[in-house]
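start39.pdb follows; it contains PDB, C-alpha atoms.
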ATOM      1  CA  MET N   1      43.938   3.766  29.723
ATOM      2  CA  THR N   2      41.477   3.369  26.941
ATOM      3  CA  PHE N   3      37.908   2.320  27.517
ATOM      4  CA  LEU N   4      36.004   0.745  24.700
ATOM      5  CA  ILE N   5      32.252   0.948  24.909
ATOM      6  CA  SER N   6      30.320  -1.397  22.677
ATOM      7  CA  LEU N   7      26.834  -0.182  21.889
ATOM      8  CA  PRO N   8      24.253  -2.623  20.574
ATOM      9  CA  THR N   9      23.305  -1.993  16.978
ATOM     10  CA  ARG N  10      19.742  -2.441  15.830
ATOM     11  CA  ARG N  11      19.606  -4.615  12.773
ATOM     12  CA  HIS N  12      16.685  -4.343  10.430
ATOM     13  CA  LYS N  13      15.191  -7.594   9.287
ATOM     14  CA  PRO N  14      15.602  -8.212   5.563
ATOM     15  CA  VAL N  15      12.566  -7.906   3.342
ATOM     16  CA  THR N  16      10.823 -11.246   2.960
ATOM     17  CA  ARG N  17       9.419 -12.622  -0.282
ATOM     18  CA  ALA N  18       5.894 -12.019   0.969
ATOM     19  CA  GLU N  19       6.690  -8.390   1.801
ATOM     20  CA  ALA N  20       8.332  -7.905  -1.595
ATOM     21  CA  GLY N  21       5.306  -9.373  -3.372
ATOM     22  CA  LEU N  22       2.948  -7.118  -1.432
ATOM     23  CA  LEU N  23       5.128  -4.103  -2.224
ATOM     24  CA  LEU N  24       5.131  -4.899  -5.953
ATOM     25  CA  GLY N  25       1.349  -5.237  -5.907
ATOM     26  CA  VAL N  26       0.954  -1.854  -4.240
ATOM     27  CA  ILE N  27       3.335  -0.240  -6.732
ATOM     28  CA  ALA N  28       1.357  -1.726  -9.638
ATOM     29  CA  LEU N  29      -1.894  -0.316  -8.253
ATOM     30  CA  LEU N  30      -0.241   3.062  -7.717
ATOM     31  CA  ALA N  31       0.927   3.107 -11.331
ATOM     32  CA  LEU N  32      -2.598   2.288 -12.511
ATOM     33  CA  ALA N  33      -4.042   5.089 -10.393
ATOM     34  CA  VAL N  34      -1.549   7.653 -11.702
ATOM     35  CA  PHE N  35      -1.120   6.580 -15.340
ATOM     36  CA  GLY N  36      -4.375   4.750 -15.978
ATOM     37  CA  PRO N  37      -7.113   6.084 -18.251
ATOM     38  CA  VAL N  38      -9.394   8.841 -17.064
ATOM     39  CA  LEU N  39     -12.590   7.438 -15.580
ATOM     40  CA  PRO N  40     -15.296  10.114 -15.458
ATOM     41  CA  ALA N  41     -17.958   9.898 -12.791
ATOM     42  CA  SER N  42     -21.427   8.899 -13.896
ATOM     43  CA  VAL N  43     -23.806  11.776 -14.514
ATOM     44  CA  HIS N  44     -26.398   9.747 -12.600
ATOM     45  CA  GLN N  45     -24.231   9.059  -9.543
ATOM     46  CA  HIS N  46     -26.624  10.957  -7.274
ATOM     47  CA  GLY N  47     -29.784   9.534  -8.842
ATOM     48  CA  PHE N  48     -30.676   6.894  -6.278
ATOM     49  CA  ALA N  49     -33.798   4.823  -6.732
ATOM     50  CA  ASP N  50     -35.447   5.446  -3.361
ATOM     51  CA  GLN N  51     -36.126   9.163  -2.903
ATOM     52  CA  ARG N  52     -38.914   8.769  -0.316
ATOM     53  CA  ALA N  53     -38.960  10.872   2.825
ATOM     54  CA  LEU N  54     -39.874   9.462   6.237
ATOM     55  CA  TRP N  55     -40.273  11.287   9.565
ATOM     56  CA  GLY N  56     -38.962  14.401   7.866
ATOM     57  CA  ILE N  57     -35.798  12.613   6.680
ATOM     58  CA  PRO N  58     -35.177  12.936   2.933
ATOM     59  CA  CYS N  59     -34.059   9.741   1.168
ATOM     60  CA  ALA N  60     -34.877   8.113   4.502
ATOM     61  CA  MET N  61     -34.081   4.467   3.725
ATOM     62  CA  ASP N  62     -30.654   5.281   2.310
ATOM     63  CA  VAL N  63     -29.951   7.460   5.349
ATOM     64  CA  LEU N  64     -31.277   5.105   8.037
ATOM     65  CA  SER N  65     -29.721   1.986   6.495
ATOM     66  CA  ASN N  66     -26.359   3.352   7.631
ATOM     67  CA  LEU N  67     -27.273   2.575  11.242
ATOM     68  CA  PRO N  68     -25.997  -1.049  10.968
ATOM     69  CA  LEU N  69     -22.563   0.335  10.036
ATOM     70  CA  ALA N  70     -22.499   2.495  13.167
ATOM     71  CA  ILE N  71     -23.763  -0.376  15.317
ATOM     72  CA  ALA N  72     -21.096  -2.740  13.961
ATOM     73  CA  GLY N  73     -18.404  -0.145  14.639
ATOM     74  CA  VAL N  74     -19.492   0.516  18.233
ATOM     75  CA  TRP N  75     -19.960  -3.211  18.877
ATOM     76  CA  GLY N  76     -16.460  -3.921  17.619
ATOM     77  CA  LEU N  77     -14.870  -1.201  19.753
ATOM     78  CA  ARG N  78     -16.699  -2.577  22.785
ATOM     79  CA  ALA N  79     -15.473  -6.090  21.976
ATOM     80  CA  LEU N  80     -11.909  -4.784  21.807
ATOM     81  CA  ARG N  81     -12.205  -3.221  25.252
ATOM     82  CA  ARG N  82     -13.386  -6.537  26.702
ATOM     83  CA  LEU N  83     -10.240  -8.359  25.557
ATOM     84  CA  ALA N  84      -7.699  -9.198  28.209
ATOM     85  CA  ALA N  85      -4.503  -7.166  28.191
ATOM     86  CA  GLY N  86      -2.003  -8.693  25.799
ATOM     87  CA  ALA N  87      -4.553 -10.944  24.119
ATOM     88  CA  LEU N  88      -3.946  -9.168  20.821
ATOM     89  CA  ASP N  89      -0.656  -7.840  19.517
ATOM     90  CA  HIS N  90      -0.275  -4.074  19.314
ATOM     91  CA  THR N  91      -0.360  -3.883  15.527
ATOM     92  CA  SER N  92      -3.490  -5.995  15.132
ATOM     93  CA  HIS N  93      -5.179  -4.043  17.930
ATOM     94  CA  ALA N  94      -4.434  -0.769  16.138
ATOM     95  CA  MET N  95      -5.704  -2.079  12.791
ATOM     96  CA  VAL N  96      -8.921  -3.476  14.254
ATOM     97  CA  THR N  97      -9.494  -0.192  16.106
ATOM     98  CA  LEU N  98      -9.004   1.749  12.872
ATOM     99  CA  PHE N  99     -11.416  -0.588  11.097
ATOM    100  CA  PHE N 100     -14.241  -0.178  13.615
ATOM    101  CA  VAL N 101     -13.715   3.567  14.086
ATOM    102  CA  GLY N 102     -13.822   3.799  10.303
ATOM    103  CA  LEU N 103     -17.203   2.049  10.198
ATOM    104  CA  VAL N 104     -18.644   4.682  12.544
ATOM    105  CA  CYS N 105     -17.122   7.486  10.443
ATOM    106  CA  THR N 106     -18.434   5.865   7.251
ATOM    107  CA  ALA N 107     -21.942   5.671   8.721
ATOM    108  CA  MET N 108     -21.811   9.359   9.600
ATOM    109  CA  GLY N 109     -20.383  10.455   6.252
ATOM    110  CA  SER N 110     -22.785   8.299   4.249
ATOM    111  CA  GLY N 111     -25.735   9.493   6.306
ATOM    112  CA  VAL N 112     -24.826  13.123   5.656
ATOM    113  CA  TYR N 113     -24.371  12.433   1.948
ATOM    114  CA  HIS N 114     -27.644  10.581   1.449
ATOM    115  CA  TRP N 115     -29.552  13.257   3.368
ATOM    116  CA  GLN N 116     -28.777  15.556   0.464
ATOM    117  CA  PRO N 117     -26.941  13.714  -2.349
ATOM    118  CA  GLN N 118     -24.388  16.000  -3.960
ATOM    119  CA  ASP N 119     -20.647  16.114  -4.625
ATOM    120  CA  ALA N 120     -19.782  17.919  -1.371
ATOM    121  CA  GLY N 121     -21.420  15.202   0.725
ATOM    122  CA  LEU N 122     -19.977  12.425  -1.406
ATOM    123  CA  LEU N 123     -16.500  13.742  -0.668
ATOM    124  CA  TRP N 124     -17.028  13.237   3.081
ATOM    125  CA  ASP N 125     -18.658   9.870   2.455
ATOM    126  CA  ARG N 126     -15.592   8.606   0.599
ATOM    127  CA  LEU N 127     -13.126  10.108   3.056
ATOM    128  CA  GLY N 128     -14.865   8.171   5.820
ATOM    129  CA  MET N 129     -14.600   4.956   3.808
ATOM    130  CA  VAL N 130     -10.811   5.302   3.647
ATOM    131  CA  LEU N 131     -10.526   4.481   7.359
ATOM    132  CA  PRO N 132     -12.103   0.988   7.385
ATOM    133  CA  PHE N 133     -10.316   0.181   4.128
ATOM    134  CA  ALA N 134      -6.991   1.085   5.751
ATOM    135  CA  GLY N 135      -7.796  -0.911   8.868
ATOM    136  CA  LEU N 136      -8.852  -3.991   6.920
ATOM    137  CA  LEU N 137      -5.829  -3.855   4.602
ATOM    138  CA  GLY N 138      -3.488  -3.371   7.535
ATOM    139  CA  LEU N 139      -5.088  -6.236   9.440
ATOM    140  CA  ALA N 140      -4.890  -8.526   6.414
ATOM    141  CA  ALA N 141      -1.221  -7.708   5.841
ATOM    142  CA  THR N 142      -0.446  -8.165   9.536
ATOM    143  CA  SER N 143      -2.109 -11.560   9.741
ATOM    144  CA  ARG N 144      -0.644 -12.896   6.491
ATOM    145  CA  VAL N 145       2.715 -11.152   6.008
ATOM    146  CA  SER N 146       4.184  -9.268   8.986
ATOM    147  CA  GLN N 147       3.443  -6.521  11.462
ATOM    148  CA  ARG N 148       5.579  -3.984   9.635
ATOM    149  CA  ALA N 149       3.752  -4.876   6.407
ATOM    150  CA  GLY N 150       0.505  -4.128   8.234
ATOM    151  CA  TRP N 151       1.681  -0.667   9.283
ATOM    152  CA  ALA N 152       3.054   0.100   5.820
ATOM    153  CA  THR N 153      -0.100  -1.042   4.006
ATOM    154  CA  ALA N 154      -2.443   0.849   6.307
ATOM    155  CA  GLY N 155      -0.256   3.949   6.030
ATOM    156  CA  ALA N 156      -0.248   3.737   2.249
ATOM    157  CA  MET N 157      -4.044   3.559   2.208
ATOM    158  CA  LEU N 158      -4.382   6.477   4.644
ATOM    159  CA  LEU N 159      -2.204   8.527   2.300
ATOM    160  CA  ALA N 160      -3.498   7.374  -1.080
ATOM    161  CA  GLY N 161      -7.189   7.324  -0.139
ATOM    162  CA  PRO N 162      -7.635  11.037   0.658
ATOM    163  CA  LEU N 163      -5.446  11.999  -2.320
ATOM    164  CA  ALA N 164      -7.661   9.920  -4.626
ATOM    165  CA  VAL N 165     -10.814  11.533  -3.226
ATOM    166  CA  LEU N 166      -9.402  15.042  -3.549
ATOM    167  CA  TRP N 167      -8.224  14.332  -7.098
ATOM    168  CA  TRP N 168     -11.728  13.174  -8.038
ATOM    169  CA  SER N 169     -13.168  16.337  -6.464
ATOM    170  CA  HIS N 170     -10.685  18.535  -8.336
ATOM    171  CA  ALA N 171     -10.364  16.864 -11.744
ATOM    172  CA  GLY N 172     -13.453  14.648 -11.967
ATOM    173  CA  ASN N 173     -11.266  11.570 -12.569
ATOM    174  CA  LEU N 174     -12.632   8.597 -10.655
ATOM    175  CA  MET N 175      -9.826   6.185 -11.621
ATOM    176  CA  PRO N 176      -7.611   6.761  -8.534
ATOM    177  CA  TRP N 177     -10.578   6.212  -6.219
ATOM    178  CA  ALA N 178     -11.616   3.069  -8.116
ATOM    179  CA  VAL N 179      -8.081   1.720  -7.669
ATOM    180  CA  VAL N 180      -8.141   2.559  -3.949
ATOM    181  CA  GLN N 181     -11.500   0.905  -3.384
ATOM    182  CA  LEU N 182     -11.546  -2.076  -5.735
ATOM    183  CA  GLY N 183      -7.779  -2.529  -5.953
ATOM    184  CA  GLY N 184      -7.554  -2.531  -2.189
ATOM    185  CA  MET N 185     -10.142  -5.292  -1.993
ATOM    186  CA  LEU N 186      -8.167  -7.300  -4.573
ATOM    187  CA  VAL N 187      -5.124  -7.018  -2.322
ATOM    188  CA  VAL N 188      -7.162  -8.350   0.607
ATOM    189  CA  LEU N 189      -8.431 -11.176  -1.596
ATOM    190  CA  ALA N 190      -4.870 -12.079  -2.588
ATOM    191  CA  LEU N 191      -3.764 -11.994   1.054
ATOM    192  CA  ALA N 192      -6.681 -14.272   1.960
ATOM    193  CA  CYS N 193      -5.025 -16.964  -0.183
ATOM    194  CA  TRP N 194      -1.817 -16.827   1.879
ATOM    195  CA  PRO N 195      -1.418 -18.876   5.067
ATOM    196  CA  ARG N 196      -2.138 -17.081   8.311
ATOM    197  CA  ARG N 197       0.833 -16.288  10.543
ATOM    198  CA  ASP N 198       1.114 -18.127  13.855
ATOM    199  CA  GLY N 199      -0.643 -16.193  16.593
ATOM    200  CA  ALA N 200      -2.353 -13.766  14.215
ATOM    201  CA  LEU N 201      -5.998 -12.848  14.630
ATOM    202  CA  ALA N 202      -8.037 -15.505  12.827
ATOM    203  CA  VAL N 203     -10.203 -13.337  10.599
ATOM    204  CA  HIS N 204     -11.846 -15.105   7.649
ATOM    205  CA  LEU N 205     -10.778 -12.618   4.982
ATOM    206  CA  GLY N 206     -12.614 -14.519   2.252
ATOM    207  CA  ALA N 207     -15.893 -14.002   4.093
ATOM    208  CA  VAL N 208     -15.200 -10.277   4.444
ATOM    209  CA  ILE N 209     -14.539  -9.944   0.716
ATOM    210  CA  GLY N 210     -17.565 -12.080  -0.164
ATOM    211  CA  LEU N 211     -19.941  -9.949   1.893
ATOM    212  CA  TYR N 212     -18.466  -6.747   0.486
ATOM    213  CA  ALA N 213     -18.814  -8.105  -3.063
ATOM    214  CA  VAL N 214     -22.498  -8.827  -2.444
ATOM    215  CA  ALA N 215     -22.879  -5.259  -1.170
ATOM    216  CA  LYS N 216     -21.364  -3.893  -4.388
ATOM    217  CA  LEU N 217     -23.719  -6.036  -6.479
ATOM    218  CA  PHE N 218     -26.737  -4.591  -4.686
ATOM    219  CA  GLU N 219     -25.297  -1.105  -5.172
ATOM    220  CA  ALA N 220     -25.076  -1.685  -8.921
ATOM    221  CA  ALA N 221     -28.635  -3.062  -8.978
ATOM    222  CA  ASP N 222     -30.124  -0.147  -7.036
ATOM    223  CA  HIS N 223     -33.051   0.579  -9.387
ATOM    224  CA  ALA N 224     -33.572  -3.050 -10.404
ATOM    225  CA  VAL N 225     -33.981  -4.172  -6.793
ATOM    226  CA  PHE N 226     -36.305  -1.245  -6.076
ATOM    227  CA  ASP N 227     -38.552  -2.273  -8.967
ATOM    228  CA  ALA N 228     -38.344  -6.000  -8.132
ATOM    229  CA  THR N 229     -39.465  -5.374  -4.538
ATOM    230  CA  ALA N 230     -42.421  -3.242  -5.662
ATOM    231  CA  GLN N 231     -40.568  -0.143  -4.433
ATOM    232  CA  TRP N 232     -40.307  -1.523  -0.914
ATOM    233  CA  VAL N 233     -36.508  -1.322  -0.633
ATOM    234  CA  SER N 234     -33.726  -0.295  -2.988
ATOM    235  CA  GLY N 235     -30.484  -2.033  -3.800
ATOM    236  CA  HIS N 236     -28.463   0.802  -2.293
ATOM    237  CA  SER N 237     -30.175   0.478   1.081
ATOM    238  CA  ILE N 238     -29.476  -3.265   1.109
ATOM    239  CA  LYS N 239     -25.897  -2.481   0.119
ATOM    240  CA  HIS N 240     -25.391  -0.599   3.390
ATOM    241  CA  VAL N 241     -26.610  -3.600   5.391
ATOM    242  CA  PHE N 242     -24.290  -6.038   3.629
ATOM    243  CA  ALA N 243     -21.375  -3.613   3.971
ATOM    244  CA  ALA N 244     -22.016  -3.581   7.728
ATOM    245  CA  SER N 245     -22.208  -7.381   7.799
ATOM    246  CA  ALA N 246     -18.645  -7.494   6.413
ATOM    247  CA  ALA N 247     -17.576  -6.620   9.964
ATOM    248  CA  TRP N 248     -19.052  -9.887  11.248
ATOM    249  CA  PRO N 249     -15.968 -12.078  10.522
ATOM    250  CA  VAL N 250     -13.813  -9.620  12.487
ATOM    251  CA  LEU N 251     -16.284  -9.670  15.384
ATOM    252  CA  LEU N 252     -16.293 -13.473  15.339
ATOM    253  CA  ALA N 253     -12.487 -13.544  15.461
ATOM    254  CA  LEU N 254     -12.470 -11.236  18.491
ATOM    255  CA  ALA N 255     -15.134 -13.330  20.222
ATOM    256  CA  ALA N 256     -13.124 -16.514  19.602
ATOM    257  CA  LEU N 257      -9.988 -14.848  20.977
ATOM    258  CA  ARG N 258     -11.829 -13.686  24.089
ATOM    259  CA  ASN N 259     -13.361 -17.125  24.683
ATOM    260  CA  SER N 260     -10.030 -18.880  24.278
ATOM    261  CA  GLY N 261      -8.503 -16.488  26.795
ATOM    262  CA  ALA N 262     -11.313 -17.174  29.253
ATOM    263  CA  ARG N 263     -10.826 -20.936  28.926
ATOM    264  CA  GLY N 264      -7.116 -20.623  29.669
ATOM    265  CA  ALA N 265      -7.468 -18.201  32.594
ATOM    266  CA  PRO N 266      -6.166 -19.454  35.959
ATOM    267  CA  HIS N 267      -8.775 -20.368  38.516
ATOM    268  CA  VAL N 268      -7.859 -19.692  42.166
ATOM    269  CA  THR N 269      -9.451 -21.729  44.930
ATOM    270  CA  LEU N 270      -9.113 -21.234  48.678
ATOM    271  CA  SER N 271      -9.466 -24.057  51.180
ATOM    272  CA  GLY N 272      -9.127 -24.096  54.943
ATOM    273  CA  GLN N 273      -8.129 -26.990  57.148
ATOM    274  CA  ASN N 274      -7.543 -26.794  60.941
ATOM    275  CA  GLY N 275      -7.450 -23.019  60.767
ATOM    276  CA  ALA N 276      -4.703 -22.966  58.143
ATOM    277  CA  HIS N 277      -5.480 -21.685  54.659
ATOM    278  CA  THR N 278      -3.862 -23.080  51.577
ATOM    279  CA  VAL N 279      -4.069 -21.602  48.126
ATOM    280  CA  GLY N 280      -4.340 -23.869  45.129
ATOM    281  CA  VAL N 281      -4.052 -22.633  41.587
ATOM    282  CA  ALA N 282      -5.448 -24.755  38.823
ATOM    283  CA  ARG N 283      -6.275 -24.160  35.239
ATOM    284  CA  ARG N 284      -9.806 -24.767  34.133
ATOM    285  CA  PHE N 285     -10.510 -25.789  30.566
ATOM    286  CA  ARG N 286     -14.001 -25.894  29.231
ATOM    287  CA  ALA N 287     -14.992 -28.703  26.973
TER     288      ALA N 287
END

What is this file in structure tokens?
Amino acid sequence: MTFLISLPTRRHKPVTRAEAGLLLGVIALLALAVFGPVLPASVHQHGFADQRALWGIPCAMDVLSNLPLAIAGVWGLRALRRLAAGALDHTSHAMVTLFFVGLVCTAMGSGVYHWQPQDAGLLWDRLGMVLPFAGLLGLAATSRVSQRAGWATAGAMLLAGPLAVLWWSHAGNLMPWAVVQLGGMLVVLALACWPRRDGALAVHLGAVIGLYAVAKLFEAADHAVFDATAQWVSGHSIKHVFAASAAWPVLLALAALRNSGARGAPHVTLSGQNGAHTVGVARRFRA
């Protein structure tokens, strides 16, 4: 007697047009990073406008202005913990966690760098920045394309980011890092133009990019802002604040998700009549 055992086969979903387009964009950026022209770092990259010390902290404003990044990261992690179980899909939860943990790491790395601006500190500063970039890219791809696109995009950034930083440290070529940083933001901007998937976390990606773009403008105008404010604050210090504010759209999306879950939570009421207890379950919806 012959027994035939049929085992279920796991079929992989075919690549969608959106996934293919995202893949082609990533490949194009990779080619630019590898074969693009050499971009030397500026000889004045450590010459920040505000060199004042405060409370024994050198370059105090550039160091202390990283606190909003750390606060945003801790706030976001706390908001994640307050979500009900299952309120957020596993992939989005992982990407948001990576994003907020990355903000804390960026604050630490940037603080160390600005305490004593030099190449060794800048390396740690940029390595920390890879984490929120990866989280944001992964979250954008998850919400606009698919969950597997989110994992792939975040993984690509976690691999390419450190390699770009190490290549800059070894060869002095800033092009790969420029592609990682600015090219990554262009990918997020492109994804912001795509419709959001049903059930995905409703993060306003355009607002994130807009706030980050303002931060980069203040970074470029470091000395000009310092002079315009009568040496009260520099553009680089303001840049840190706006970079932290780029987390606000993600925090708003988490707050909206938590509030919607609270409105749909079941409300249990107990009533007694003639010694007998009855349990009524009703849903409460807030206006």

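Nearest-residue note for Pro162 in chain N: choosing from N:Leu127, N:Ile238, N:Ala18, N:Leu191, the minimum distance belongs to N:Leu127, counting only C-alpha atoms.
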
Please identify all polymer residues within 6 Å of range 175-190 of chain N, counting only C-alpha atoms, omitting same-chain residues fewer than 4 positions from it, and present them as a ChimeraX atom specification. /N:33,39,164

Given the file above and the PyMOL selection byres ((chain N and resi 206-220) around 10), which residues are selected, and can you give them as a ChimeraX atom specification? /N:48,136,182,185-186,188-193,203-205,221-225,234-250

Do you have, as JSON lines, the list of residues of range 84-125 of chain N lying at most 12 Å from range 63-78 of chain N, each with its nearest atom pair and that distance in Å to one decimal, counting all atoms listed in the file and ordered by chain then number?
{"residue": "N:His93", "atom": "CA", "partner": "N:Leu77", "partner_atom": "CA", "distance": 10.3}
{"residue": "N:Ala94", "atom": "CA", "partner": "N:Leu77", "partner_atom": "CA", "distance": 11.1}
{"residue": "N:Met95", "atom": "CA", "partner": "N:Leu77", "partner_atom": "CA", "distance": 11.5}
{"residue": "N:Val96", "atom": "CA", "partner": "N:Gly76", "partner_atom": "CA", "distance": 8.3}
{"residue": "N:Thr97", "atom": "CA", "partner": "N:Leu77", "partner_atom": "CA", "distance": 6.6}
{"residue": "N:Leu98", "atom": "CA", "partner": "N:Leu77", "partner_atom": "CA", "distance": 9.5}
{"residue": "N:Phe99", "atom": "CA", "partner": "N:Gly73", "partner_atom": "CA", "distance": 7.8}
{"residue": "N:Phe100", "atom": "CA", "partner": "N:Gly73", "partner_atom": "CA", "distance": 4.3}
{"residue": "N:Val101", "atom": "CA", "partner": "N:Gly73", "partner_atom": "CA", "distance": 6.0}
{"residue": "N:Gly102", "atom": "CA", "partner": "N:Gly73", "partner_atom": "CA", "distance": 7.4}
{"residue": "N:Leu103", "atom": "CA", "partner": "N:Gly73", "partner_atom": "CA", "distance": 5.1}
{"residue": "N:Val104", "atom": "CA", "partner": "N:Ala70", "partner_atom": "CA", "distance": 4.5}
{"residue": "N:Cys105", "atom": "CA", "partner": "N:Ala70", "partner_atom": "CA", "distance": 7.8}
{"residue": "N:Thr106", "atom": "CA", "partner": "N:Leu69", "partner_atom": "CA", "distance": 7.4}
{"residue": "N:Ala107", "atom": "CA", "partner": "N:Asn66", "partner_atom": "CA", "distance": 5.1}
{"residue": "N:Met108", "atom": "CA", "partner": "N:Ala70", "partner_atom": "CA", "distance": 7.8}
{"residue": "N:Gly109", "atom": "CA", "partner": "N:Asn66", "partner_atom": "CA", "distance": 9.4}
{"residue": "N:Ser110", "atom": "CA", "partner": "N:Asn66", "partner_atom": "CA", "distance": 7.0}
{"residue": "N:Gly111", "atom": "CA", "partner": "N:Val63", "partner_atom": "CA", "distance": 4.8}
{"residue": "N:Val112", "atom": "CA", "partner": "N:Val63", "partner_atom": "CA", "distance": 7.6}
{"residue": "N:Tyr113", "atom": "CA", "partner": "N:Val63", "partner_atom": "CA", "distance": 8.2}
{"residue": "N:His114", "atom": "CA", "partner": "N:Val63", "partner_atom": "CA", "distance": 5.5}
{"residue": "N:Trp115", "atom": "CA", "partner": "N:Val63", "partner_atom": "CA", "distance": 6.1}
{"residue": "N:Gln116", "atom": "CA", "partner": "N:Val63", "partner_atom": "CA", "distance": 9.5}
{"residue": "N:Pro117", "atom": "CA", "partner": "N:Val63", "partner_atom": "CA", "distance": 10.4}
{"residue": "N:Asp125", "atom": "CA", "partner": "N:Asn66", "partner_atom": "CA", "distance": 11.3}

What are the centre and the three edge lengths of an axis-aligned box that wraps all atoms of range 87-91 of chain N in the file, given that 4 Å is added to every side, written as lines of an AutoDock Vina configuration file and rounded to one decimal in Å?
center_x = -2.4
center_y = -7.4
center_z = 19.8
size_x = 12.3
size_y = 15.1
size_z = 16.6

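Nearest-residue note for Arg196 in chain N: choosing from N:Gln231, N:Thr142, N:Ser92, N:Thr153, the minimum distance belongs to N:Thr142, counting only C-alpha atoms.
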